[in-house]
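In what follows, a single structure is set out as structure tokens and then discussed.
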Number of protein chains: 2
Amino acid sequence: MSMPHAARQVWISEVGPRDGLQSIRTILPTDAKKAWITALASAGVPEIEVGSFVPASVLPQLADTAELVRHARGIAGLTVAVLVPNLKGAQRAIECGAHKITIPLSCSETHSLKNVRRTHAQMLDEVRGIAALISSLPQEQRPHFEGGLSTAFGCTLEGVVPETKVVALAEALIEAGCDEVGLSDTAGYANPAQVRRLTRAVWSAVGEDRLTGIHLHNTRGLGLANALAALDVGLRTLDASMGGIGGCPFAPGASGNIVTEDLVFMVEAMGLHTGVDLERLLQARAVLREGLPDESLYGFVPDAGLPLGFQPSAVS
Amino acid sequence: MSMPHAARQVWISEVGPRDGLQSIRTILPTDAKKAWITALASAGVPEIEVGSFVPASVLPQLADTAELVRHARGIAGLTVAVLVPNLKGAQRAIECGAHKITIPLSCSETHSLKNVRRTHAQMLDEVRGIAALISSLPQEQRPHFEGGLSTAFGCTLEGVVPETKVVALAEALIEAGCDEVGLSDTAGYANPAQVRRLTRAVWSAVGEDRLTGIHLHNTRGLGLANALAALDVGLRTLDASMGGIGGCPFAPGASGNIVTEDLVFMVEAMGLHTGVDLERLLQARAVLREGLPDESLYGFVPDAGLPLGFQPSAVS
């Protein structure tokens, strides 16, 4: 390929330990989580969202996030990300040394009120508080601070979310002090045309360097098609979840996040480069399977195997 | 959208009655097949591959193809397609009045020998024989004649299939008298970059009007991403199978063809136009489910439902 190396690089952010585990009933023991995170990093996954600093009463599955951040920080080269719902969560994340913190802002205010009982204005206040906290830190201790635009492609409560609203909230997040915004298809409503259109609209408002990533669900089977659209338009950070865990239990086969294994296969097969070793990624899946023997793990590549003669992308 | 109407039109060819039913053990009774075909056509599916003229000893599931062609011919506006392995099959297809006949030519000669015990040269002889037969017919009785380039994206026996070989076979099929060629990802090996590259390569050799369609499998989960790549590059006929039937029984979740329901949802959500009514398509799925109570039906949209506020594409 004639593309320069940087343009071929795709950054995979594994969100299974957070978005996957928060959506299933089983509480994976801390040691099993650590083993899984270590196995993911060993496969070359460059970034892992290890948990969320929400009250343990709300999400007991993620009560050990602080310990996981400290564990993951000990893995050389790994970017350790966490979700924070508010300033208090950000303080805890910073104390533990997370490299990246993401605060979700639901573009659907109905969803925001239902999910975190806060209006957009209240959430932007939290963002300003976190930005001020980060600014007060020495440069080398400052985490990367992202505002996640959830329900950006539509909402199960509000239905269509106007793109002008998403763009306005992206601008508001950057003005309030986020380094970057991300687009999140919380409800699995996105389609490829919308991914391209909304990405370009947000870029026009805040600049291309302020939006590089997307978080996709596979609820309606369009997850990898939307990922392809994101890659085509030029997004280079893709969230994914090993085994697509967190699938909706009342809709068999309707997985949650896009499946890391399938995404890495697609990206590598296309001649783009993830830095992830597919064979070792499947070993990490075995570690997860051992920890979650009774949960559904999704993914086509783990079942079908790699094509005969398949060559992953080589760095040229 | 500013795209002209013709550019927005996507032609869905339902291949479940052939490619789906040939891959499962259950033999769907002829009346159930007729009811399903009628329901598919009522939903607006413009083309249905109703069967294959192979010996009943080889595929007893498709022994009633002649009767199905006659039934489908009675449905106004429907294009009735069949697969034929050879001249004899083409004769039967023409006798019944099929509108479109497709002969598969496996780009992997190893696969061709194993599957139909014929070399490329022998298959091209069959093609020439069929083309001569068609030429001998009055103009209004001539079916559209397509050569399907199976294993075009790789083969489970040969592995990588060189693109130069696919292009050469496309040229040979056109020279031998096919009206058109189609690309077929028999093994589920394709990736989006390859779909675009190979389409353009074949176009360069035989012209854009000689390749308008693609047949994709979802073996490794990339089916809809590959469909998106096909739409992006400009292919406008997509094969799909209701419920993705024909999934590999030893790889749970690894469906066969791309799922019609999910494909139509993606295409319509993107603002392209299929002419298929999604609600009525789900009714056709219920008809299929009734006929195949014990087989797995795949698809995400049937489980998850349409997004709140979803509007199918309108013809502008």
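Within each chain, counting starts at residue 1; across the structure tokens, chains are named A, B, ... in the order shown, with ligands numbered 1 upward in that order.
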Within 9 Å of chain A, which residues belong to chain B? Use only C-alpha atoms and report them as a short mmCIF file (atom, residue, chain, number, x, y, z; two decimals) with C-alpha atoms, in the first residue's frame.
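out_35.cif written:
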```cif
data_model
loop_
_atom_site.label_atom_id
_atom_site.label_comp_id
_atom_site.auth_asym_id
_atom_site.auth_seq_id
_atom_site.Cartn_x
_atom_site.Cartn_y
_atom_site.Cartn_z
CA GLY B 154 -10.27 -16.86 -1.48
CA CYS B 155 -10.86 -20.58 -1.10
CA THR B 156 -10.85 -22.96 1.82
CA LEU B 157 -8.84 -25.41 -0.30
CA GLU B 158 -6.43 -23.13 -2.17
CA GLY B 159 -6.29 -20.21 0.25
CA VAL B 160 -5.46 -16.96 -1.50
CA ALA B 187 -15.86 -18.96 1.69
CA GLY B 188 -16.53 -15.78 3.66
CA TYR B 189 -12.95 -14.61 3.12
CA ALA B 190 -13.60 -11.14 1.69
CA ASN B 191 -12.69 -7.83 3.31
CA PRO B 192 -13.93 -4.37 2.32
CA ALA B 193 -10.66 -3.21 0.76
CA GLN B 194 -10.59 -6.37 -1.37
CA ASN B 218 -21.06 -13.46 6.75
CA THR B 219 -18.77 -16.24 7.93
CA ARG B 220 -16.37 -13.87 9.66
CA GLY B 221 -18.87 -11.16 10.55
CA LEU B 222 -17.77 -8.79 7.78
CA GLY B 223 -20.82 -9.35 5.56
CA LEU B 224 -22.47 -5.96 5.94
CA ALA B 225 -19.13 -4.14 5.96
CA ASN B 226 -18.38 -5.83 2.65
CA ALA B 227 -21.86 -4.88 1.42
CA LEU B 228 -21.13 -1.27 2.34
CA ALA B 229 -17.84 -1.44 0.44
CA PHE B 250 -20.51 -26.56 13.55
CA ALA B 251 -19.85 -22.85 14.04
CA PRO B 252 -22.76 -21.39 16.01
CA GLY B 253 -23.46 -17.83 15.00
CA ALA B 254 -21.42 -18.14 11.83
CA SER B 255 -24.22 -17.51 9.43
CA ASP B 262 -30.29 -6.49 8.25
CA LEU B 263 -29.08 -5.56 4.77
CA PHE B 265 -32.31 -1.99 7.12
CA MET B 266 -28.77 -0.75 6.48
CA VAL B 267 -29.47 0.29 2.92
CA ALA B 269 -31.19 3.76 6.85
CA MET B 270 -28.44 5.16 4.61
CA GLY B 271 -31.01 6.85 2.41
CA TYR B 298 -30.15 -15.21 12.19
CA GLY B 299 -30.38 -11.44 11.99
CA PHE B 300 -30.08 -8.55 14.40
CA VAL B 301 -32.88 -6.28 13.23
CA PRO B 302 -35.55 -8.96 13.72
CA ASP B 303 -34.42 -9.29 17.36
CA ALA B 304 -33.72 -5.65 18.14
CA GLY B 305 -36.51 -4.08 16.11
CA LEU B 306 -36.33 -0.83 14.19
CA PRO B 307 -34.96 2.26 15.92
CA LEU B 308 -37.49 4.59 17.49
CA GLY B 309 -38.41 7.21 14.90
CA PHE B 310 -36.88 5.22 12.04
#
```
Env of A:Arg73: 9 Å cut, atoms = only C-alpha atoms, seq-sep filter 3 positions within chain, self excluded. Answer as a PyMOL selection string.
chain A and resi 68-70+76-80+96-99
Nearest-residue call for B:Glu67, choices B:Val54, B:Glu49, B:Leu149, B:Lys34, using only C-alpha atoms:
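So, comparing all the options, the nearest one is B:Lys34.
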Tell me which protein, DNA and RNA residues are within 10 Å of B:Asp64, counting only C-alpha atoms, leaving out same-chain ones fewer than 6 positions away, and put them as number ranges by chain.
B: 29-30, 33, 50-53, 56
By how many Å are atom CA of B:Ile174 and atom CA of B:Val82 apart?
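So the answer is 19.0 Å.
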